[in-house]
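Q: Structure file structure-v9.cif, mmCIF, C-alpha atoms, is pasted below:
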```cif
data_start
loop_
_atom_site.label_atom_id
_atom_site.label_comp_id
_atom_site.auth_asym_id
_atom_site.auth_seq_id
_atom_site.Cartn_x
_atom_site.Cartn_y
_atom_site.Cartn_z
CA MET N 1 2.73 -5.09 28.33
CA LYS N 2 1.75 -4.40 24.74
CA PRO N 3 -1.89 -5.14 23.96
CA PRO N 4 -3.00 -6.16 20.46
CA ILE N 5 -4.20 -3.12 18.53
CA ILE N 6 -7.37 -2.48 16.55
CA LEU N 7 -7.72 0.49 14.23
CA ALA N 8 -11.44 1.39 14.26
CA SER N 9 -11.24 3.07 10.86
CA ASN N 10 -11.45 1.99 7.26
CA SER N 11 -9.41 4.94 5.95
CA PRO N 12 -6.63 3.68 3.67
CA ARG N 13 -4.55 6.73 4.68
CA ARG N 14 -4.73 5.85 8.38
CA LYS N 15 -3.74 2.23 7.68
CA ASN N 16 -0.74 3.31 5.64
CA LEU N 17 0.35 5.90 8.21
CA LEU N 18 0.32 3.37 11.06
CA ARG N 19 2.29 0.95 8.88
CA GLN N 20 4.78 3.73 8.11
CA ILE N 21 5.75 3.86 11.81
CA ASP N 22 6.07 0.06 12.14
CA MET N 23 2.84 -0.53 14.11
CA GLU N 24 1.09 -3.90 13.98
CA PHE N 25 -2.68 -3.82 14.12
CA GLU N 26 -5.95 -5.22 12.84
CA VAL N 27 -8.58 -3.10 11.08
CA LYS N 28 -12.18 -3.25 12.30
CA PRO N 29 -14.08 -0.17 11.08
CA SER N 30 -16.61 1.36 13.44
CA THR N 31 -20.15 1.92 12.13
CA VAL N 32 -20.46 5.35 13.75
CA ASN N 33 -21.50 8.15 11.36
CA GLU N 34 -20.95 11.82 12.06
CA ASP N 35 -24.04 13.95 12.51
CA PHE N 36 -23.08 17.44 11.37
CA ASP N 37 -26.23 18.90 12.95
CA ILE N 38 -24.94 18.05 16.43
CA ASP N 39 -24.26 21.24 18.42
CA LEU N 40 -20.57 20.97 19.34
CA PRO N 41 -17.64 23.30 18.69
CA PRO N 42 -15.07 21.84 16.20
CA LEU N 43 -12.53 20.52 18.75
CA GLU N 44 -15.24 18.83 20.80
CA PHE N 45 -16.82 17.47 17.64
CA THR N 46 -13.73 15.50 16.59
CA ARG N 47 -13.00 14.31 20.12
CA HIS N 48 -16.61 13.22 20.57
CA TYR N 49 -16.63 11.14 17.39
CA ALA N 50 -13.15 9.71 17.95
CA ARG N 51 -14.35 8.58 21.39
CA LEU N 52 -17.59 7.10 20.04
CA LYS N 53 -15.82 5.21 17.26
CA ALA N 54 -13.26 3.70 19.62
CA ALA N 55 -15.90 2.89 22.27
CA GLU N 56 -17.93 0.80 19.84
CA LEU N 57 -14.97 -1.54 19.30
CA ALA N 58 -13.70 -1.32 22.90
CA ASP N 59 -16.98 -2.84 24.12
CA ARG N 60 -16.46 -5.82 21.83
CA TYR N 61 -12.67 -6.18 22.34
CA PRO N 62 -11.97 -5.01 25.90
CA ASP N 63 -8.47 -6.53 26.02
CA HIS N 64 -7.36 -4.73 22.82
CA LEU N 65 -6.08 -1.19 22.49
CA ILE N 66 -8.57 0.51 20.17
CA ILE N 67 -7.64 3.52 18.03
CA GLY N 68 -10.53 5.75 16.99
CA ALA N 69 -10.02 8.91 14.90
CA ASP N 70 -12.10 11.64 13.35
CA THR N 71 -10.84 14.37 11.00
CA ILE N 72 -12.59 17.60 10.01
CA VAL N 73 -11.72 20.77 8.14
CA VAL N 74 -12.69 24.06 9.76
CA LEU N 75 -13.03 27.24 7.72
CA ALA N 76 -14.04 30.44 9.52
CA GLY N 77 -15.63 28.43 12.34
CA ASN N 78 -17.63 26.15 10.05
CA ILE N 79 -17.02 22.41 9.94
CA LEU N 80 -16.51 20.80 6.54
CA GLY N 81 -16.84 17.02 6.46
CA LYS N 82 -16.80 14.83 3.35
CA PRO N 83 -18.56 16.23 0.26
CA PHE N 84 -21.82 14.62 -0.89
CA ASP N 85 -21.04 14.79 -4.61
CA ALA N 86 -18.99 16.62 -7.27
CA GLU N 87 -21.03 19.80 -6.91
CA ASP N 88 -20.53 19.89 -3.15
CA SER N 89 -16.84 19.15 -3.69
CA PHE N 90 -16.57 22.10 -6.10
CA ARG N 91 -18.27 24.37 -3.56
CA MET N 92 -15.92 23.25 -0.76
CA LEU N 93 -12.70 23.64 -2.77
CA SER N 94 -13.82 27.05 -4.09
CA SER N 95 -14.46 28.25 -0.53
CA LEU N 96 -11.01 27.02 0.59
CA SER N 97 -9.18 28.61 -2.40
CA GLY N 98 -6.68 31.30 -1.38
CA GLN N 99 -7.59 30.84 2.30
CA THR N 100 -6.09 29.32 5.43
CA HIS N 101 -8.14 26.66 7.19
CA THR N 102 -7.56 24.32 10.11
CA VAL N 103 -7.53 20.53 9.97
CA ILE N 104 -8.41 18.90 13.30
CA THR N 105 -8.12 15.20 14.05
CA GLY N 106 -9.49 13.82 17.28
CA VAL N 107 -7.92 10.54 18.42
CA SER N 108 -9.17 8.23 21.14
CA LEU N 109 -7.14 5.34 22.56
CA GLN N 110 -9.20 2.91 24.61
CA TRP N 111 -8.11 -0.24 26.41
CA GLN N 112 -10.92 -1.32 28.68
CA THR N 113 -9.32 -4.10 30.76
CA ALA N 114 -6.46 -1.72 31.66
CA GLY N 115 -8.93 1.06 32.51
CA ILE N 116 -7.44 3.35 29.85
CA GLU N 117 -9.23 6.00 27.85
CA ASP N 118 -7.03 8.73 26.39
CA THR N 119 -8.64 11.20 23.99
CA PHE N 120 -6.71 14.07 22.40
CA HIS N 121 -6.61 16.13 19.24
CA GLU N 122 -4.18 17.85 16.90
CA SER N 123 -4.67 20.99 14.79
CA THR N 124 -2.77 21.97 11.65
CA ARG N 125 -3.15 25.18 9.64
CA VAL N 126 -3.24 24.72 5.86
CA THR N 127 -3.02 27.53 3.29
CA PHE N 128 -4.24 26.96 -0.26
CA LYS N 129 -3.01 28.86 -3.30
CA SER N 130 -5.67 30.68 -5.31
CA LEU N 131 -7.17 27.88 -7.39
CA THR N 132 -8.55 28.26 -10.88
CA GLU N 133 -11.90 26.73 -11.81
CA GLN N 134 -9.93 24.57 -14.24
CA ASP N 135 -7.67 23.20 -11.47
CA ILE N 136 -10.63 22.37 -9.26
CA LYS N 137 -12.47 20.63 -12.11
CA TYR N 138 -9.36 18.68 -13.13
CA TYR N 139 -8.94 17.51 -9.57
CA ILE N 140 -12.53 16.47 -8.96
CA GLU N 141 -12.81 14.62 -12.29
CA ASN N 142 -9.51 12.78 -11.96
CA TYR N 143 -9.33 12.16 -8.21
CA ARG N 144 -12.98 12.06 -7.04
CA PRO N 145 -12.08 13.21 -3.49
CA PHE N 146 -15.46 12.34 -1.98
CA ASP N 147 -14.15 10.25 0.92
CA LYS N 148 -12.01 13.09 2.28
CA ALA N 149 -12.90 15.82 4.77
CA GLY N 150 -12.67 19.18 2.96
CA SER N 151 -12.62 17.27 -0.34
CA TYR N 152 -8.86 17.13 -0.88
CA GLY N 153 -5.93 14.82 -0.31
CA ILE N 154 -2.68 16.62 0.43
CA GLN N 155 -0.89 13.38 -0.50
CA ASP N 156 -2.07 13.31 -4.14
CA TRP N 157 -2.07 15.75 -7.10
CA PHE N 158 -3.63 18.33 -4.81
CA ALA N 159 -0.16 18.86 -3.30
CA THR N 160 0.36 21.33 -6.18
CA CYS N 161 -2.42 23.52 -4.72
CA VAL N 162 -1.16 23.82 -1.15
CA ALA N 163 1.02 26.88 -0.48
CA GLY N 164 2.11 25.64 2.95
CA ILE N 165 1.14 24.20 6.30
CA GLU N 166 1.88 24.94 9.95
CA GLY N 167 2.05 21.92 12.23
CA CYS N 168 1.81 18.17 11.62
CA PHE N 169 1.55 17.12 7.96
CA TYR N 170 0.18 13.66 8.76
CA ASN N 171 -2.64 15.24 10.71
CA VAL N 172 -3.80 16.74 7.40
CA MET N 173 -3.79 13.21 5.92
CA GLY N 174 -6.02 12.10 8.80
CA PHE N 175 -3.76 10.89 11.58
CA PRO N 176 -1.28 12.88 13.73
CA LEU N 177 1.59 10.36 13.86
CA ALA N 178 3.99 12.19 16.20
CA THR N 179 1.40 13.09 18.84
CA PHE N 180 -0.21 9.65 18.63
CA TYR N 181 3.16 7.99 19.18
CA ASP N 182 3.84 10.06 22.31
CA HIS N 183 0.49 9.03 23.81
CA TYR N 184 0.86 5.41 22.76
CA ARG N 185 4.30 5.05 24.33
CA ARG N 186 3.10 6.61 27.57
CA LEU N 187 0.21 4.12 27.75
CA VAL N 188 1.95 0.86 26.92
CA ARG N 189 5.42 1.30 28.43
CA MET C 1 4.39 23.33 -26.42
CA LYS C 2 5.31 20.75 -23.82
CA PRO C 3 8.89 19.51 -24.07
CA PRO C 4 9.85 16.00 -22.93
CA ILE C 5 11.15 16.12 -19.36
CA ILE C 6 14.30 14.71 -17.77
CA LEU C 7 14.74 14.52 -14.01
CA ALA C 8 18.48 14.89 -13.39
CA SER C 9 18.29 13.06 -10.04
CA ASN C 10 18.34 9.49 -8.88
CA SER C 11 16.42 10.22 -5.65
CA PRO C 12 13.52 7.76 -5.32
CA ARG C 13 11.63 10.43 -3.34
CA ARG C 14 11.84 12.94 -6.20
CA LYS C 15 10.68 10.35 -8.73
CA ASN C 16 7.68 9.43 -6.60
CA LEU C 17 6.77 13.05 -5.94
CA LEU C 18 6.76 13.94 -9.63
CA ARG C 19 4.62 10.87 -10.33
CA GLN C 20 2.26 11.95 -7.54
CA ILE C 21 1.36 15.08 -9.54
CA ASP C 22 0.88 13.19 -12.82
CA MET C 23 4.13 14.31 -14.51
CA GLU C 24 5.71 12.21 -17.25
CA PHE C 25 9.49 12.18 -17.36
CA GLU C 26 12.66 10.18 -17.84
CA VAL C 27 15.34 9.84 -15.17
CA LYS C 28 18.97 10.60 -16.07
CA PRO C 29 20.96 11.26 -12.89
CA SER C 30 23.63 13.96 -13.06
CA THR C 31 27.14 13.05 -11.95
CA VAL C 32 27.67 16.32 -10.06
CA ASN C 33 28.76 15.90 -6.43
CA GLU C 34 28.40 18.61 -3.82
CA ASP C 35 31.60 20.06 -2.40
CA PHE C 36 30.79 21.17 1.13
CA ASP C 37 34.01 23.15 1.36
CA ILE C 38 32.79 25.57 -1.31
CA ASP C 39 32.31 29.04 0.17
CA LEU C 40 28.65 29.82 -0.50
CA PRO C 41 25.80 30.77 1.86
CA PRO C 42 23.11 28.02 2.14
CA LEU C 43 20.58 29.47 -0.33
CA GLU C 44 23.25 30.07 -2.96
CA PHE C 45 24.70 26.61 -2.30
CA THR C 46 21.48 24.76 -3.23
CA ARG C 47 20.79 27.01 -6.22
CA HIS C 48 24.35 26.58 -7.44
CA TYR C 49 24.20 22.78 -7.33
CA ALA C 50 20.67 22.58 -8.74
CA ARG C 51 21.89 24.70 -11.66
CA LEU C 52 25.03 22.59 -12.18
CA LYS C 53 23.11 19.32 -12.07
CA ALA C 54 20.54 20.51 -14.62
CA ALA C 55 23.20 22.10 -16.85
CA GLU C 56 25.06 18.82 -17.22
CA LEU C 57 22.01 17.17 -18.76
CA ALA C 58 20.83 20.30 -20.62
CA ASP C 59 24.05 20.26 -22.65
CA ARG C 60 23.35 16.70 -23.74
CA TYR C 61 19.56 17.09 -24.22
CA PRO C 62 19.01 20.72 -25.31
CA ASP C 63 15.44 20.08 -26.53
CA HIS C 64 14.34 18.56 -23.21
CA LEU C 65 13.23 20.38 -20.08
CA ILE C 66 15.73 19.34 -17.42
CA ILE C 67 14.88 19.36 -13.71
CA GLY C 68 17.85 19.66 -11.34
CA ALA C 69 17.44 19.77 -7.57
CA ASP C 70 19.60 19.97 -4.48
CA THR C 71 18.41 19.67 -0.87
CA ILE C 72 20.28 20.62 2.30
CA VAL C 73 19.51 20.95 5.99
CA VAL C 74 20.67 24.12 7.72
CA LEU C 75 21.12 24.28 11.49
CA ALA C 76 22.34 27.52 13.05
CA GLY C 77 23.89 28.60 9.75
CA ASN C 78 25.72 25.31 9.14
CA ILE C 79 24.92 23.12 6.16
CA LEU C 80 24.25 19.43 6.80
CA GLY C 81 24.41 17.20 3.75
CA LYS C 82 24.20 13.39 3.73
CA PRO C 83 25.95 11.57 6.60
CA PHE C 84 29.09 9.57 5.85
CA ASP C 85 28.24 6.67 8.15
CA ALA C 86 26.24 5.62 11.23
CA GLU C 87 28.41 7.64 13.58
CA ASP C 88 28.01 10.79 11.51
CA SER C 89 24.28 10.08 11.32
CA PHE C 90 24.10 9.83 15.12
CA ARG C 91 25.95 13.13 15.47
CA MET C 92 23.63 14.89 13.00
CA LEU C 93 20.39 13.63 14.58
CA SER C 94 21.63 14.45 18.08
CA SER C 95 22.42 18.01 17.01
CA LEU C 96 18.94 18.38 15.46
CA SER C 97 17.11 16.94 18.51
CA GLY C 98 14.76 19.45 20.19
CA GLN C 99 15.74 22.14 17.67
CA THR C 100 14.24 23.92 14.69
CA HIS C 101 16.20 23.73 11.44
CA THR C 102 15.58 24.80 7.86
CA VAL C 103 15.37 22.53 4.83
CA ILE C 104 16.24 24.26 1.57
CA THR C 105 15.80 22.78 -1.88
CA GLY C 106 17.20 24.57 -4.89
CA VAL C 107 15.50 23.69 -8.20
CA SER C 108 16.69 24.53 -11.68
CA LEU C 109 14.57 24.13 -14.81
CA GLN C 110 16.57 24.34 -18.02
CA TRP C 111 15.38 24.04 -21.61
CA GLN C 112 18.19 25.15 -23.88
CA THR C 113 16.51 25.32 -27.29
CA ALA C 114 13.79 27.55 -25.79
CA GLY C 115 16.40 29.72 -24.06
CA ILE C 116 14.96 28.93 -20.63
CA GLU C 117 16.81 28.73 -17.34
CA ASP C 118 14.72 29.21 -14.24
CA THR C 119 16.38 28.58 -10.87
CA PHE C 120 14.55 29.04 -7.57
CA HIS C 121 14.47 27.63 -4.05
CA GLU C 122 12.06 26.81 -1.26
CA SER C 123 12.66 26.86 2.52
CA THR C 124 10.73 24.94 5.17
CA ARG C 125 11.21 25.12 8.93
CA VAL C 126 11.19 21.76 10.73
CA THR C 127 11.04 21.27 14.50
CA PHE C 128 12.15 17.99 16.05
CA LYS C 129 10.94 16.65 19.39
CA SER C 130 13.63 15.92 21.96
CA LEU C 131 14.94 12.54 20.83
CA THR C 132 16.25 9.82 23.11
CA GLU C 133 19.49 8.04 22.32
CA GLN C 134 17.38 4.89 21.99
CA ASP C 135 15.13 6.50 19.33
CA ILE C 136 18.09 7.68 17.30
CA LYS C 137 19.78 4.27 17.46
CA TYR C 138 16.56 2.45 16.54
CA TYR C 139 16.15 4.73 13.56
CA ILE C 140 19.70 4.46 12.26
CA GLU C 141 19.81 0.67 12.64
CA ASN C 142 16.45 0.04 11.03
CA TYR C 143 16.34 2.75 8.37
CA ARG C 144 20.00 3.49 7.54
CA PRO C 145 19.25 7.09 6.45
CA PHE C 146 22.62 7.67 4.79
CA ASP C 147 21.27 8.90 1.45
CA LYS C 148 19.31 11.75 3.04
CA ALA C 149 20.38 15.32 3.83
CA GLY C 150 20.28 15.75 7.63
CA SER C 151 20.03 11.96 7.97
CA TYR C 152 16.27 11.62 8.26
CA GLY C 153 13.25 10.90 6.09
CA ILE C 154 10.11 12.70 7.23
CA GLN C 155 8.15 10.16 5.16
CA ASP C 156 9.23 7.08 7.16
CA TRP C 157 9.28 6.08 10.87
CA PHE C 158 11.03 9.34 11.63
CA ALA C 159 7.63 11.04 11.28
CA THR C 160 7.16 10.13 14.96
CA CYS C 161 10.08 12.45 15.84
CA VAL C 162 8.90 15.61 14.07
CA ALA C 163 6.89 18.01 16.25
CA GLY C 164 5.82 20.15 13.30
CA ILE C 165 6.79 22.02 10.16
CA GLU C 166 6.18 25.46 8.68
CA GLY C 167 5.94 25.62 4.90
CA CYS C 168 5.98 22.96 2.19
CA PHE C 169 6.10 19.34 3.42
CA TYR C 170 7.32 17.96 0.09
CA ASN C 171 10.26 20.32 0.20
CA VAL C 172 11.40 18.42 3.30
CA MET C 173 11.19 15.19 1.28
CA GLY C 174 13.44 16.79 -1.34
CA PHE C 175 11.21 18.49 -3.89
CA PRO C 176 8.86 21.50 -3.44
CA LEU C 177 5.89 20.30 -5.50
CA ALA C 178 3.64 23.36 -5.29
CA THR C 179 6.33 25.93 -6.14
CA PHE C 180 7.77 23.71 -8.86
CA TYR C 181 4.35 23.36 -10.45
CA ASP C 182 3.84 27.14 -10.56
CA HIS C 183 7.15 27.63 -12.33
CA TYR C 184 6.59 24.70 -14.67
CA ARG C 185 3.19 25.95 -15.80
CA ARG C 186 4.53 29.44 -16.39
CA LEU C 187 7.30 28.03 -18.61
CA VAL C 188 5.39 25.56 -20.76
CA ARG C 189 1.99 27.18 -21.15
#
```
The structure in this file should be written as C-alpha cells.

A:
Amino acid sequence: MKPPIILASNSPRRKNLLRQIDMEFEVKPSTVNEDFDIDLPPLEFTRHYARLKAAELADRYPDHLIIGADTIVVLAGNILGKPFDAEDSFRMLSSLSGQTHTVITGVSLQWQTAGIEDTFHESTRVTFKSLTEQDIKYYIENYRPFDKAGSYGIQDWFATCVAGIEGCFYNVMGFPLATFYDHYRRLVR
Amino acid sequence: MKPPIILASNSPRRKNLLRQIDMEFEVKPSTVNEDFDIDLPPLEFTRHYARLKAAELADRYPDHLIIGADTIVVLAGNILGKPFDAEDSFRMLSSLSGQTHTVITGVSLQWQTAGIEDTFHESTRVTFKSLTEQDIKYYIENYRPFDKAGSYGIQDWFATCVAGIEGCFYNVMGFPLATFYDHYRRLVR
C-alpha cells in the first residue's frame, strides 16, 4: 500500500528533485533548527536532524510517510552549515577553494501507523578548482547562496567552479535520489 | 574582446547548461551527423565530430565564437550513440545495467577571425545500479530517451538508476561546464 507522502522540508531543490523522479507529495516544513554546538560527529549530526525533522511531522500525520532530510558540508572534520551573511559566505568558499570536501545528507523516512522508521545517509566527495577572489565575489553578489550548506549550489553558476565529484550528484544538491528510491521501494512495496 | 557566441547544437540540455552559467549565445545547429562506422578510437571520435560541427558554422560566421560538442557513451571500448528505437534503447540500457561506463564529450571552440581553434574533451565514469526489466520498460515508455547517447538522461527519472559518478556531472548531461569555462576564459580574456 502506498501512503500519502509529506516532505518535511522547504528546500526548493528537494521539491524539484522529488518531482524529477515522478513522486507525489505535500510539503510541510519542519520547524527544527540545527544547533551546530551539539557534540555529534558529522554522520550522526545529519542523521539526528533528519530524524528530528521527520519525527515532528510524523507525530502530527501518523498515517503519512514523512521524508526528513539534513545536508551538511564537511571540510577536514569540521561541519559547515549555511552561512550567516556575505562575509561568512566568503570565508566558507575561500576555505573550500582548491580542496576536496564531503557533502553528507541524512534522510529519515517515518510512517508511524506502519511502525516504520528508516534513517540513512549518503556521502559525496566534491573537489573545487582554485577560486579567485573575483569569482567568489561575483558568485556571492549575484547568487546570494545563504540558504545553502557550504554556501554554494552545484546546480547554478557555481558549476563552473567544481572540478569533479565522486558519488551521487543529487546528494550535493541536498537529496540523494538513487539511495532514497531504493529505501522507498523497499518500504512501500 | 568578447565575440558573439553561437552554439552549434540543438540539444536542449546544452542550451540550458550554458544559460545556467550566465552565457549569452545564439543557437544554430550544425547539420553534421555522426558516422559510427568511422574508424576512430572514442576520444578521437568525439573530438573529430565536435571539430566538424563547429567548423561548419565557423565558415559561415568567422567573427563569432562557435561552440561545437559531441557526446558518446563508451562501454568496454564500444561506442554507444543515440538509440534507433525502443528495442535498441532496451538493449543499450540492459548492457549498461550494473556496469561502469564512460561518458566522453568532445568540445571545439572556433573563432576564425581571431585564428582560434581549441578542441578538448572531458571523461566521466558513471556506474549504474542493477536495473530490472520493469525499470527499463517504465523508463523507455515514459521518457522515450531516443535523443540521448546511451539512451538515458541523468537529469530525469533515470537519476534513480545511477549509483554514482566520478568526474563532471554536467559532462554526463552533454556539456562539461567547468572545463569549458576554463577554456573560454583563457580565449576571450

Q: For Lys53 (chain N), which of N:Asn10, N:Ser151, N:Ser30, N:Thr105 is the closest residue, counting all atoms listed in the file?

A: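 Answer, going by the shortest atom-to-atom distance: N:Ser30.
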
Q: Tell me which protein, DNA and RNA residues are within 7 Å of Asp156 (chain C), counting all atoms listed in the file, leaving out same-chain ones fewer than 3 positions away, and put them as a list in words.

A: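 So the residues in contact are Gln20 and Ile21 of chain N; Gly153 and Ala159 of chain C.
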
Q: Just checking: using only C-alpha atoms, which residue out of N:Leu93, N:Leu131, N:Leu7, N:Met173 ends up closest to Tyr61 (chain N)?

A: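 When distances to Tyr61 (chain N) are compared using only C-alpha atoms, the smallest one comes from N:Leu7.
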
Q: Given all atoms listed in the file, how would the per-residue table for chain N near chain C read, listing every residue at most 6 Å away with its closest atom pair and distance in Å to one decimal, sorted by chain and number, as a tab-separated table?

A:
```
residue	atom	partner	partner_atom	distance
N:Gln20	CA	C:Asp156	CA	5.7
N:Ile21	CA	C:Trp157	CA	4.3
N:Asp156	CA	C:Gln20	CA	5.7
N:Trp157	CA	C:Ile21	CA	4.3
N:Thr160	CA	C:Ala178	CA	4.0
N:Gly164	CA	C:Gly167	CA	4.3
N:Ile165	CA	C:Gly167	CA	5.2
N:Glu166	CA	C:Glu166	CA	4.5
N:Gly167	CA	C:Gly164	CA	4.3
N:Cys168	CA	C:Gly164	CA	4.8
N:Leu177	CA	C:Thr160	CA	5.7
N:Ala178	CA	C:Thr160	CA	4.0
```

Q: Spell out the residues picked by the PyMOL selection byres ((chain N and resi 45) around 10) here, as a tab-separated table (two decimals) with C-alpha atoms, in the frame of the given file.

A:
```
chain	number	residue	atom	x	y	z
N	34	GLU	CA	-20.95	11.82	12.06
N	35	ASP	CA	-24.04	13.95	12.51
N	36	PHE	CA	-23.08	17.44	11.37
N	38	ILE	CA	-24.94	18.05	16.43
N	39	ASP	CA	-24.26	21.24	18.42
N	40	LEU	CA	-20.57	20.97	19.34
N	41	PRO	CA	-17.64	23.30	18.69
N	42	PRO	CA	-15.07	21.84	16.20
N	43	LEU	CA	-12.53	20.52	18.75
N	44	GLU	CA	-15.24	18.83	20.80
N	46	THR	CA	-13.73	15.50	16.59
N	47	ARG	CA	-13.00	14.31	20.12
N	48	HIS	CA	-16.61	13.22	20.57
N	49	TYR	CA	-16.63	11.14	17.39
N	50	ALA	CA	-13.15	9.71	17.95
N	51	ARG	CA	-14.35	8.58	21.39
N	70	ASP	CA	-12.10	11.64	13.35
N	71	THR	CA	-10.84	14.37	11.00
N	72	ILE	CA	-12.59	17.60	10.01
N	79	ILE	CA	-17.02	22.41	9.94
N	104	ILE	CA	-8.41	18.90	13.30
N	105	THR	CA	-8.12	15.20	14.05
N	106	GLY	CA	-9.49	13.82	17.28
```

Q: Can you list, as a PyMOL selection string, the residues that the PyMOL selection byres ((chain N and resi 140) around 12) selects here?

A: chain N and resi 83+85-94+133-139+141-148+151-153+156-158

Q: Within 7 Å of (-21.3, 4.0, 16.5) (coordinates as in the file), grab all the protein and nucleic acid residues, counting only C-alpha atoms, and write them out as a list in words.

A: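 The answer, in the requested form, is Ser30, Thr31, Val32, Asn33, Leu52, Lys53 and Glu56 of chain N.
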
Q: What is the distance, in Å and to one decimal place, between CA of Gly150 (chain C) and CA of Ile66 (chain C)?

A: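 These two atoms are separated by 25.7 Å.
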
Q: CA of Phe120 (chain C) and CA of Ser108 (chain C) are how many Å apart?

A: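 Separation between CA of Phe120 (chain C) and CA of Ser108 (chain C): 6.5 Å.
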
Q: Could you expand the PyMOL selection byres ((chain C and resi 114) around 12) into the explicit residues it covers here, written as a PyMOL selection string?

A: chain C and resi 1-3+58+62-66+109-113+115-118+187-188

Q: So what do you get for CA of Ala54 (chain N) versus CA of Thr119 (chain N), distance-wise?

A: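 Spanning CA of Ala54 (chain N) to CA of Thr119 (chain N) is a straight-line distance of 9.8 Å.
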
Q: Mind giving me the axis-aligned box for region 117-126 of chain N with 4 Å on every side, centre plus edges in Å to one decimal, as lines of an AutoDock Vina configuration file?

A:
```
center_x = -6.0
center_y = 15.6
center_z = 16.9
size_x = 14.5
size_y = 27.2
size_z = 30.0
```

Q: Hey, what's within 6 Å of Ile6 (chain C) if we count only C-alpha atoms and toss same-chain stuff fewer than 6 positions away? As a CSV table (one decimal) with C-alpha atoms, in the frame of the given file, please?

A:
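Writing done, so here's around.csv:
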```csv
chain,number,residue,atom,x,y,z
C,25,PHE,CA,9.5,12.2,-17.4
C,26,GLU,CA,12.7,10.2,-17.8
C,27,VAL,CA,15.3,9.8,-15.2
C,66,ILE,CA,15.7,19.3,-17.4
```
